[in-house]
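See below for data.txt, which holds compact mmCIF, C-alpha atoms and all ligand atoms.
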# COMPACT_ATOMS: atom_id res chain seq x y z
CA MET A 1 106.51 106.69 117.24
CA GLN A 2 109.75 107.23 115.36
CA PHE A 3 109.40 106.48 111.65
CA ASP A 4 112.21 105.44 109.38
CA ASP A 5 113.58 108.41 107.36
CA GLN A 6 113.39 106.38 104.18
CA LEU A 7 109.66 105.70 104.70
CA ILE A 8 108.87 109.39 105.17
CA LYS A 9 110.99 110.40 102.16
CA ARG A 10 109.38 107.75 99.94
CA LEU A 11 105.87 108.80 100.94
CA ARG A 12 106.58 112.50 100.52
CA GLU A 13 108.15 112.06 97.09
CA ALA A 14 105.85 109.36 95.73
CA GLN A 15 104.04 110.06 92.46
CA HIS A 16 101.58 107.26 93.10
CA VAL A 17 100.67 105.72 96.47
CA VAL A 18 98.42 102.68 96.91
CA PHE A 19 96.62 102.07 100.20
CA PHE A 20 95.40 98.49 100.41
CA SER A 21 93.04 97.75 103.30
CA GLY A 22 91.74 94.59 104.91
CA ALA A 23 89.52 93.80 107.85
CA GLY A 24 92.08 95.14 110.34
CA ALA A 25 91.55 98.66 108.98
CA SER A 26 87.95 98.54 110.23
CA ALA A 27 88.70 96.75 113.51
CA GLU A 28 88.83 99.97 115.51
CA SER A 29 85.45 100.97 114.06
CA GLY A 30 84.04 97.95 115.88
CA VAL A 31 83.99 95.43 113.03
CA PRO A 32 85.90 92.36 114.17
CA THR A 33 88.30 90.83 111.69
CA PHE A 34 87.72 87.41 110.15
CA ARG A 35 90.78 85.58 111.37
CA ASP A 36 91.55 86.97 114.80
CA SER A 37 88.18 87.67 116.33
CA HIS A 38 86.12 85.95 118.93
CA ASN A 39 83.70 88.80 118.92
CA SER A 40 79.95 88.67 118.54
CA PHE A 41 79.67 90.56 115.26
CA TRP A 42 80.32 87.53 113.07
CA VAL A 43 79.26 85.00 115.67
CA ASP A 44 76.29 83.85 113.63
CA PHE A 45 78.36 83.86 110.46
CA ASP A 46 77.89 80.48 108.88
CA ALA A 47 79.96 80.87 105.73
CA GLY A 48 78.28 77.99 103.92
CA THR A 49 74.90 79.64 104.33
CA PHE A 50 75.74 83.31 104.09
CA ALA A 51 78.77 83.41 101.81
CA THR A 52 78.09 80.92 99.05
CA ALA A 53 75.81 80.96 96.04
CA SER A 54 74.41 77.57 97.08
CA GLY A 55 73.55 78.92 100.54
CA TYR A 56 71.64 81.74 98.91
CA TYR A 57 69.96 79.45 96.42
CA ALA A 58 68.78 77.18 99.24
CA ASN A 59 67.25 79.99 101.27
CA PRO A 60 67.31 83.42 99.63
CA ASP A 61 65.03 85.06 102.23
CA ARG A 62 67.21 84.01 105.16
CA VAL A 63 70.42 85.20 103.48
CA TRP A 64 68.78 88.47 102.39
CA GLN A 65 67.59 89.12 105.97
CA TRP A 66 71.02 88.37 107.41
CA TYR A 67 72.69 90.90 105.09
CA ALA A 68 70.02 93.50 106.00
CA GLU A 69 70.92 92.97 109.68
CA GLN A 70 74.65 93.37 108.99
CA ARG A 71 73.96 96.55 107.01
CA LEU A 72 72.05 97.98 109.97
CA LYS A 73 74.88 97.10 112.37
CA LEU A 74 77.45 98.71 110.09
CA ARG A 75 75.36 101.85 109.73
CA ALA A 76 75.56 102.32 113.49
CA LEU A 77 79.37 102.24 113.36
CA THR A 78 81.65 104.97 112.03
CA PRO A 79 84.94 105.17 110.12
CA ASN A 80 88.01 105.41 112.38
CA PRO A 81 91.13 107.62 112.12
CA ALA A 82 92.80 105.18 109.70
CA HIS A 83 89.95 105.66 107.20
CA ARG A 84 90.09 109.43 107.74
CA VAL A 85 93.84 109.55 107.04
CA ILE A 86 93.44 107.53 103.83
CA ALA A 87 90.64 109.85 102.69
CA ALA A 88 92.69 112.96 103.49
CA TRP A 89 95.67 111.49 101.61
CA GLN A 90 93.60 110.90 98.49
CA ASN A 91 92.32 114.46 98.67
CA LYS A 92 95.78 115.95 99.23
CA ALA A 93 98.15 114.03 96.99
CA SER A 94 97.71 113.87 93.24
CA ASN A 95 97.69 110.13 92.63
CA VAL A 96 96.42 107.93 95.43
CA THR A 97 94.68 104.63 94.79
CA VAL A 98 92.61 102.99 97.50
CA ILE A 99 92.02 99.26 97.15
CA THR A 100 89.98 97.43 99.76
CA GLN A 101 88.95 93.90 100.56
CA ASN A 102 86.31 95.29 102.92
CA ILE A 103 82.64 95.44 102.02
CA ASP A 104 81.69 97.96 104.71
CA GLY A 105 81.94 101.17 102.65
CA PHE A 106 83.86 102.99 105.43
CA HIS A 107 86.43 104.47 103.05
CA GLN A 108 83.69 106.24 101.13
CA ARG A 109 81.99 107.34 104.33
CA ALA A 110 85.32 108.81 105.49
CA GLY A 111 85.58 110.87 102.28
CA ASN A 112 87.39 108.79 99.68
CA HIS A 113 85.93 109.64 96.28
CA LYS A 114 87.33 106.61 94.49
CA VAL A 115 87.76 103.16 95.99
CA ILE A 116 88.49 99.88 94.24
CA GLU A 117 86.38 97.29 96.03
CA LEU A 118 87.70 93.79 95.45
CA HIS A 119 85.02 91.96 97.42
CA GLY A 120 82.04 94.17 96.58
CA ASN A 121 79.97 96.30 98.91
CA ILE A 122 77.27 95.23 101.33
CA GLY A 123 75.20 98.28 100.37
CA THR A 124 74.79 97.37 96.70
CA TYR A 125 72.96 94.61 94.87
CA LYS A 126 73.02 92.65 91.65
CA CYS A 127 70.83 89.94 90.21
CA PHE A 128 71.66 86.38 91.09
CA ASP A 129 71.30 84.96 87.58
CA HIS A 130 73.07 87.51 85.37
CA GLY A 131 74.80 89.97 87.69
CA HIS A 132 72.77 92.95 86.44
CA PRO A 133 73.57 95.81 88.83
CA ALA A 134 70.64 97.17 90.81
CA GLU A 135 70.15 100.67 92.17
CA HIS A 136 69.87 101.08 95.90
CA ASP A 137 66.33 101.90 96.81
CA ALA A 138 65.48 103.08 100.33
CA ASN A 139 62.20 101.16 100.13
CA ILE A 140 63.90 97.91 99.36
CA SER A 141 62.56 95.11 101.57
CA ASP A 142 64.74 93.70 104.36
CA GLU A 143 62.62 90.56 104.40
CA LYS A 144 62.68 89.22 100.86
CA PRO A 145 65.00 89.82 97.91
CA PRO A 146 63.28 91.90 95.25
CA HIS A 147 63.30 90.97 91.56
CA CYS A 148 65.74 92.34 89.01
CA GLN A 149 64.14 95.00 86.83
CA GLN A 150 65.97 93.75 83.76
CA CYS A 151 65.47 89.99 83.89
CA GLY A 152 63.07 89.27 86.75
CA GLY A 153 65.59 87.12 88.65
CA LEU A 154 66.21 87.58 92.37
CA LEU A 155 68.59 90.24 93.63
CA ARG A 156 71.48 89.32 95.92
CA PRO A 157 74.07 91.40 97.82
CA ASP A 158 76.84 92.53 95.50
CA VAL A 159 79.61 90.90 97.53
CA VAL A 160 82.07 88.20 96.55
CA TRP A 161 81.18 84.82 98.02
CA PHE A 162 83.42 81.79 98.39
CA SER A 163 84.63 80.29 95.12
CA GLU A 164 83.45 83.33 93.15
CA GLU A 165 85.77 85.40 90.98
CA LEU A 166 86.69 88.93 91.96
CA PRO A 167 84.96 91.67 89.93
CA ALA A 168 87.11 91.64 86.79
CA GLU A 169 87.41 95.38 86.21
CA ALA A 170 88.19 96.12 89.86
CA PHE A 171 90.87 93.44 89.98
CA THR A 172 92.43 94.58 86.71
CA GLN A 173 92.62 98.16 87.99
CA ALA A 174 94.02 96.94 91.32
CA LYS A 175 96.74 94.91 89.62
CA HIS A 176 97.66 97.79 87.34
CA SER A 177 97.87 100.30 90.21
CA SER A 178 99.87 97.91 92.38
CA ALA A 179 102.38 97.16 89.66
CA ASN A 180 102.85 100.84 88.87
CA CYS A 181 102.92 102.58 92.23
CA ASP A 182 105.92 103.99 94.11
CA VAL A 183 104.70 103.12 97.59
CA PHE A 184 102.26 100.36 98.52
CA VAL A 185 100.80 100.43 102.05
CA SER A 186 99.04 97.29 103.25
CA ILE A 187 96.81 98.05 106.24
CA GLY A 188 95.14 95.41 108.37
CA CYS A 189 95.45 92.59 105.83
CA SER A 190 96.31 89.02 106.80
CA LEU A 191 97.30 88.34 103.17
CA GLU A 192 95.88 84.88 103.48
CA VAL A 193 93.13 85.30 100.90
CA TYR A 194 93.98 84.75 97.27
CA PRO A 195 94.05 86.49 94.81
CA ALA A 196 93.99 89.78 96.73
CA SER A 197 97.17 88.60 98.47
CA THR A 198 99.07 88.82 95.19
CA LEU A 199 98.78 92.62 95.00
CA PRO A 200 101.64 93.51 97.40
CA ILE A 201 103.81 91.03 95.53
CA ASN A 202 102.93 92.74 92.23
CA ALA A 203 103.89 96.02 93.85
CA ALA A 204 107.24 94.69 95.06
CA HIS A 205 108.01 93.27 91.61
CA GLY A 206 107.18 96.67 90.12
CA GLY A 207 109.77 98.29 92.41
CA ALA A 208 107.42 99.84 94.95
CA TYR A 209 108.47 100.53 98.52
CA LEU A 210 106.34 98.12 100.54
CA VAL A 211 104.87 99.19 103.88
CA GLN A 212 102.74 97.16 106.24
CA VAL A 213 100.59 98.40 109.14
CA ASN A 214 99.52 95.53 111.35
CA PRO A 215 99.84 94.69 115.05
CA HIS A 216 100.76 91.11 114.15
CA ALA A 217 103.19 89.36 111.83
CA THR A 218 101.87 88.32 108.41
CA LEU A 219 103.18 86.61 105.31
CA LEU A 220 104.26 90.04 104.06
CA ASP A 221 106.76 90.62 106.88
CA GLU A 222 109.66 89.12 105.03
CA ILE A 223 109.35 91.17 101.87
CA ALA A 224 108.05 94.44 103.34
CA ASP A 225 110.55 97.31 103.35
CA CYS A 226 108.92 98.65 106.49
CA ASN A 227 106.75 96.87 109.06
CA LEU A 228 104.80 99.28 111.27
CA ARG A 229 103.66 97.15 114.18
CA GLY A 230 100.50 98.54 115.74
CA LYS A 231 96.88 99.47 115.24
CA ALA A 232 95.94 101.24 112.03
CA GLY A 233 93.83 103.85 113.86
CA GLU A 234 96.83 104.84 115.94
CA ILE A 235 99.66 104.55 113.42
CA MET A 236 98.01 106.20 110.40
CA PRO A 237 97.41 109.62 112.06
CA LEU A 238 101.03 109.62 113.29
CA LEU A 239 102.23 108.77 109.81
CA TRP A 240 100.15 111.60 108.36
CA GLN A 241 101.73 114.05 110.83
CA ALA A 242 105.24 112.82 110.08
CA VAL A 243 104.82 113.08 106.30
CA TRP A 244 102.72 116.23 105.91
CA ARG A 245 103.61 118.08 109.14
CA GLU A 246 100.07 119.38 109.42
CA GLN A 247 96.86 118.55 111.24
CA LEU A 248 94.53 116.02 109.73
CA PRO A 249 91.72 118.04 108.10
P1 LIG B 301 91.69 88.93 108.18
O1 LIG B 301 90.67 88.79 109.25
O2 LIG B 301 92.20 87.71 107.52
O3 LIG B 301 92.98 89.64 108.80
C1 LIG B 301 92.88 90.83 109.51
C2 LIG B 301 94.27 91.37 109.75
O4 LIG B 301 94.12 92.61 110.43
C3 LIG B 301 95.16 90.48 110.62
O5 LIG B 301 96.43 90.37 110.02
C4 LIG B 301 95.25 91.27 111.94
O6 LIG B 301 96.50 91.08 112.58
C5 LIG B 301 95.09 92.69 111.46
N1 LIG B 301 94.55 93.62 112.46
C6 LIG B 301 93.74 93.39 113.52
N2 LIG B 301 93.45 94.52 114.16
C7 LIG B 301 94.10 95.51 113.51
C8 LIG B 301 94.21 96.92 113.69
N3 LIG B 301 93.57 97.57 114.69
N4 LIG B 301 94.96 97.61 112.82
C9 LIG B 301 95.60 97.00 111.80
N5 LIG B 301 95.54 95.68 111.59
C10 LIG B 301 94.81 94.94 112.43
O7 LIG B 301 91.14 89.99 107.16
P2 LIG B 301 91.51 90.23 105.62
O8 LIG B 301 92.98 90.12 105.41
O9 LIG B 301 90.82 91.46 105.20
O10 LIG B 301 86.81 87.81 102.05
O11 LIG B 301 90.81 88.98 104.97
C11 LIG B 301 90.54 88.98 103.66
C12 LIG B 301 89.22 88.36 103.38
O12 LIG B 301 88.94 87.24 104.21
C13 LIG B 301 88.01 89.21 103.63
O13 LIG B 301 87.85 90.23 102.72
C14 LIG B 301 86.93 88.16 103.45
C15 LIG B 301 87.52 87.01 104.23
O14 LIG B 301 87.25 85.76 103.67
C16 LIG B 301 85.61 87.84 101.46
O15 LIG B 301 84.60 88.17 102.06
C17 LIG B 301 85.62 87.42 100.03

Mind turning the file's structure into structure tokens?
Amino acid sequence: MQFDDQLIKRLREAQHVVFFSGAGASAESGVPTFRDSHNSFWVDFDAGTFATASGYYANPDRVWQWYAEQRLKLRALTPNPAHRVIAAWQNKASNVTVITQNIDGFHQRAGNHKVIELHGNIGTYKCFDHGHPAEHDANISDEKPPHCQQCGGLLRPDVVWFSEELPAEAFTQAKHSSANCDVFVSIGCSLEVYPASTLPINAAHGGAYLVQVNPHATLLDEIADCNLRGKAGEIMPLLWQAVWREQLP
């Protein structure tokens, strides 16, 4: 693949790069995306039951068990080359921010030491009533949600469900990084989910060079400085080579 000279120059000279990932970044790990999949992974995904507070309230055991099953499935999958490139980039360059909408934890498993998770993480918990964070415990039951050690309420997965706000601190950090970066790379995002979809726009307003990696057109096409059409797991290693002229560690 031949990359635009301007893209390579911008990435090489950037003081601050933001990588912003969506479901497409994990597609090649075997996790189907939300909006373009007919795959079996989410086939039993009934959003009203499994992604709303009222669904949980109506049947906490069933929702808890479903998340335990998804965690097991994710554990059997592995990060793909796109995750590995983003991890290597954060370890090589001085100021790289990783923002993700994904709850799968693949960036961390690939080696990223700091990730801003906008939609939470399927591997962590908080209490339903007050949001007290709960430590992961290997003995935690997959059958029934345990009780919060601080208030006695039920624990729930620490993920953002429909009509819930994004974690305030994570979103504040994400907005700040986006508005102040030199290059913003959106990878595998449909940009159809608000408010995460505002981040590339913040970046463009802040003067960042906007890059998109996606096999399909999105709402970002028109304002992106560079649209890299293709799969993240294929394009990202090529981009690494072109910018750093060295093997991926
Ligand atoms: P979507 O499922 O909306 O979009 C996935 C995007 O990835 C699409 O634009 C695809 O074209 C692209 N894509 C597919 N395969 C790809 C590949 N191999 N490489 C690169 N891109 C690829 O996923 P998100 O934009 O992440 O929210 O959706 C955002 C949110 O929608 C999710 O975080 C979730 C859901 O509601 C919550 O859970 C709160």

At a cut-off of 7 Å around ligand LIG 301 (chain B), and using all atoms listed in the file, what residues come up? Please write them as a short mmCIF file (atom, residue, chain, number, x, y, z; two decimals) with C-alpha atoms, in the coordinates of the input.
data_model
loop_
_atom_site.label_atom_id
_atom_site.label_comp_id
_atom_site.auth_asym_id
_atom_site.auth_seq_id
_atom_site.Cartn_x
_atom_site.Cartn_y
_atom_site.Cartn_z
CA SER A 21 93.04 97.75 103.30
CA GLY A 22 91.74 94.59 104.91
CA ALA A 23 89.52 93.80 107.85
CA GLY A 24 92.08 95.14 110.34
CA ALA A 25 91.55 98.66 108.98
CA ALA A 27 88.70 96.75 113.51
CA GLU A 28 88.83 99.97 115.51
CA THR A 33 88.30 90.83 111.69
CA PHE A 34 87.72 87.41 110.15
CA ARG A 35 90.78 85.58 111.37
CA ASP A 36 91.55 86.97 114.80
CA GLN A 101 88.95 93.90 100.56
CA ASN A 102 86.31 95.29 102.92
CA HIS A 119 85.02 91.96 97.42
CA VAL A 160 82.07 88.20 96.55
CA TRP A 161 81.18 84.82 98.02
CA PHE A 162 83.42 81.79 98.39
CA ILE A 187 96.81 98.05 106.24
CA GLY A 188 95.14 95.41 108.37
CA CYS A 189 95.45 92.59 105.83
CA SER A 190 96.31 89.02 106.80
CA LEU A 191 97.30 88.34 103.17
CA GLU A 192 95.88 84.88 103.48
CA VAL A 193 93.13 85.30 100.90
CA VAL A 213 100.59 98.40 109.14
CA ASN A 214 99.52 95.53 111.35
CA PRO A 215 99.84 94.69 115.05
CA HIS A 216 100.76 91.11 114.15
CA ALA A 217 103.19 89.36 111.83
CA THR A 218 101.87 88.32 108.41
CA GLY A 230 100.50 98.54 115.74
CA LYS A 231 96.88 99.47 115.24
CA ALA A 232 95.94 101.24 112.03
CA GLY A 233 93.83 103.85 113.86
#

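With all atoms listed in the file as the atoms that count, the minimum distance from Tyr57 in chain A to the choices A:Tyr194, A:Phe184, A:Tyr209, A:Phe128 is reached by A:Phe128.
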
Using all atoms listed in the file, what table do you get, as a Markdown table, when you list each residue of range 113-156 of chain A with an atom no more than 7 Å from range 65-80 of chain A, its nearest pair of atoms, and their distance in Å rounded to one decimal, rows by chain then rising number?
| residue | atom | partner | partner_atom | distance |
| --- | --- | --- | --- | --- |
| A:Ile122 | CA | A:Arg71 | CA | 6.7 |
| A:Gly123 | CA | A:Arg71 | CA | 7.0 |
| A:Asp142 | CA | A:Ala68 | CA | 5.5 |
| A:Glu143 | CA | A:Gln65 | CA | 5.4 |

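From CA of Asn112 in chain A back to CA of Pro145 in chain A, the distance works out to 29.4 Å.
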
- Item | For CA of Leu238 in chain A and CA of His205 in chain A, the interatomic separation in Å (one decimal) | 28.0 Å

- Task: Measuring atom to atom with all atoms listed in the file, identify which of A:Asn180, A:Gln173, A:Ser163, A:Gln149 is nearest to Glu117 in chain A.
- Result: A:Gln173

Please report, as JSON, the centre and edge lengths in Å to one decimal of an axis-aligned box covering all listed atoms of range 151-168 of chain A with 6 Å per side.
{"center_x": 75.1, "center_y": 86.4, "center_z": 91.1, "size_x": 36.0, "size_y": 24.2, "size_z": 26.5}

- Message: Calculated over all atoms listed in the file, which of the candidates A:Ile103, A:Leu155, A:Ala174, A:Leu7 has the smallest distance to Val211 in chain A?
- Response: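 Distance minimum relative to Val211 in chain A lands on A:Leu7.
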
- Message: Nearest residue to Ala208 in chain A out of A:His113, A:His16, A:Lys9, A:His107, using only C-alpha atoms?
- Response: A:His16

- Which residue of A:Ile99, A:Gly111, A:Asp5, A:Phe50 approaches Pro200 in chain A most closely, using all atoms listed in the file: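 Of all the options, A:Ile99 lies closest to Pro200 in chain A.
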
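Here the question is which of A:Gln150, A:Ser94, A:Ser177, A:Asn139 gets nearest to Ile116 in chain A using all atoms listed in the file, and that residue is A:Ser177.
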
- Point (80.4, 81.1, 97.7) neighbourhood (10 Å, only C-alpha atoms) written as a PyMOL selection string: chain A and resi 47-56+159-165

- Task: Tell me, in Å to one decimal, how far CA of Ala82 in chain A is from CA of Leu239 in chain A.
- Result: 10.1 Å

- Item | Surrounding residues of Phe19 in chain A excluding itself and chain neighbours under 4 positions, 9 Å, all atoms listed in the file, as a ChimeraX atom specification | /A:86,96-100,183-187

- Message: Need to verify the contact set: Ala110 in chain A, 8 Å, only C-alpha atoms, exclusion of same-chain residues closer than 4 positions in sequence. Can you return it as a PyMOL selection string?
- Response: chain A and resi 79+83-84+87+106

- What residues have an atom no more than 9 Å from (102.1, 107.6, 107.9) in the file's own frame, counting all atoms listed in the file, and can you write them as a PyMOL selection string? chain A and resi 3+7-8+11+85+235-244

When you write range 80-112 of chain A out from the block above, keep N, CA and C atoms and present the result as a short mmCIF file (atom, residue, chain, number, x, y, z; two decimals), in the first residue's frame, please.
data_model
loop_
_atom_site.label_atom_id
_atom_site.label_comp_id
_atom_site.auth_asym_id
_atom_site.auth_seq_id
_atom_site.Cartn_x
_atom_site.Cartn_y
_atom_site.Cartn_z
N ASN A 80 -5.26 -8.56 17.76
CA ASN A 80 -4.78 -8.75 16.37
C ASN A 80 -3.67 -7.72 16.08
N PRO A 81 -3.08 -7.77 14.89
CA PRO A 81 -1.97 -6.85 14.58
C PRO A 81 -2.30 -5.38 14.78
N ALA A 82 -3.55 -4.98 14.60
CA ALA A 82 -3.88 -3.55 14.81
C ALA A 82 -3.66 -3.19 16.29
N HIS A 83 -4.10 -4.04 17.20
CA HIS A 83 -3.87 -3.77 18.62
C HIS A 83 -2.36 -3.74 18.92
N ARG A 84 -1.62 -4.67 18.27
CA ARG A 84 -0.19 -4.74 18.57
C ARG A 84 0.54 -3.49 18.07
N VAL A 85 0.11 -2.97 16.93
CA VAL A 85 0.74 -1.74 16.41
C VAL A 85 0.45 -0.57 17.36
N ILE A 86 -0.78 -0.47 17.82
CA ILE A 86 -1.14 0.66 18.70
C ILE A 86 -0.36 0.56 20.02
N ALA A 87 -0.18 -0.66 20.50
CA ALA A 87 0.61 -0.83 21.74
C ALA A 87 2.07 -0.45 21.50
N ALA A 88 2.62 -0.90 20.38
CA ALA A 88 4.03 -0.58 20.07
C ALA A 88 4.21 0.92 19.92
N TRP A 89 3.23 1.58 19.33
CA TRP A 89 3.30 3.03 19.10
C TRP A 89 3.34 3.76 20.45
N GLN A 90 2.50 3.32 21.36
CA GLN A 90 2.47 3.99 22.67
C GLN A 90 3.78 3.76 23.42
N ASN A 91 4.40 2.62 23.17
CA ASN A 91 5.67 2.36 23.85
C ASN A 91 6.84 3.06 23.17
N LYS A 92 6.69 3.40 21.90
CA LYS A 92 7.80 4.02 21.17
C LYS A 92 7.77 5.54 21.21
N ALA A 93 6.62 6.10 20.92
CA ALA A 93 6.53 7.57 20.83
C ALA A 93 6.22 8.15 22.21
N SER A 94 6.56 9.43 22.37
CA SER A 94 6.49 9.98 23.74
C SER A 94 5.07 10.28 24.20
N ASN A 95 4.19 10.67 23.31
CA ASN A 95 2.86 11.08 23.76
C ASN A 95 1.79 10.48 22.86
N VAL A 96 1.32 9.32 23.25
CA VAL A 96 0.30 8.62 22.47
C VAL A 96 -0.87 8.30 23.38
N THR A 97 -2.04 8.77 22.98
CA THR A 97 -3.24 8.49 23.79
C THR A 97 -4.10 7.48 23.05
N VAL A 98 -4.53 6.46 23.77
CA VAL A 98 -5.41 5.45 23.18
C VAL A 98 -6.79 5.61 23.81
N ILE A 99 -7.77 5.84 22.97
CA ILE A 99 -9.17 5.98 23.43
C ILE A 99 -9.95 4.87 22.75
N THR A 100 -10.74 4.13 23.51
CA THR A 100 -11.51 3.07 22.86
C THR A 100 -12.97 3.09 23.28
N GLN A 101 -13.80 2.65 22.33
CA GLN A 101 -15.21 2.43 22.65
C GLN A 101 -15.43 0.96 22.99
N ASN A 102 -14.37 0.16 22.84
CA ASN A 102 -14.53 -1.29 23.03
C ASN A 102 -14.39 -1.67 24.50
N ILE A 103 -15.10 -2.71 24.87
CA ILE A 103 -15.08 -3.14 26.28
C ILE A 103 -14.28 -4.42 26.44
N ASP A 104 -13.57 -4.84 25.36
CA ASP A 104 -12.95 -6.16 25.36
C ASP A 104 -11.58 -6.23 26.02
N GLY A 105 -10.96 -5.10 26.30
CA GLY A 105 -9.66 -5.10 26.98
C GLY A 105 -8.50 -5.55 26.08
N PHE A 106 -8.70 -5.64 24.77
CA PHE A 106 -7.63 -6.13 23.89
C PHE A 106 -6.43 -5.18 23.83
N HIS A 107 -6.68 -3.88 23.93
CA HIS A 107 -5.54 -2.95 23.88
C HIS A 107 -4.57 -3.25 25.04
N GLN A 108 -5.12 -3.44 26.22
CA GLN A 108 -4.27 -3.74 27.36
C GLN A 108 -3.58 -5.08 27.18
N ARG A 109 -4.31 -6.06 26.66
CA ARG A 109 -3.70 -7.38 26.46
C ARG A 109 -2.59 -7.33 25.42
N ALA A 110 -2.69 -6.37 24.48
CA ALA A 110 -1.65 -6.23 23.45
C ALA A 110 -0.43 -5.48 23.99
N GLY A 111 -0.57 -4.81 25.15
CA GLY A 111 0.59 -4.13 25.73
C GLY A 111 0.43 -2.64 25.96
N ASN A 112 -0.74 -2.09 25.72
CA ASN A 112 -0.94 -0.67 26.02
C ASN A 112 -1.01 -0.49 27.53
#
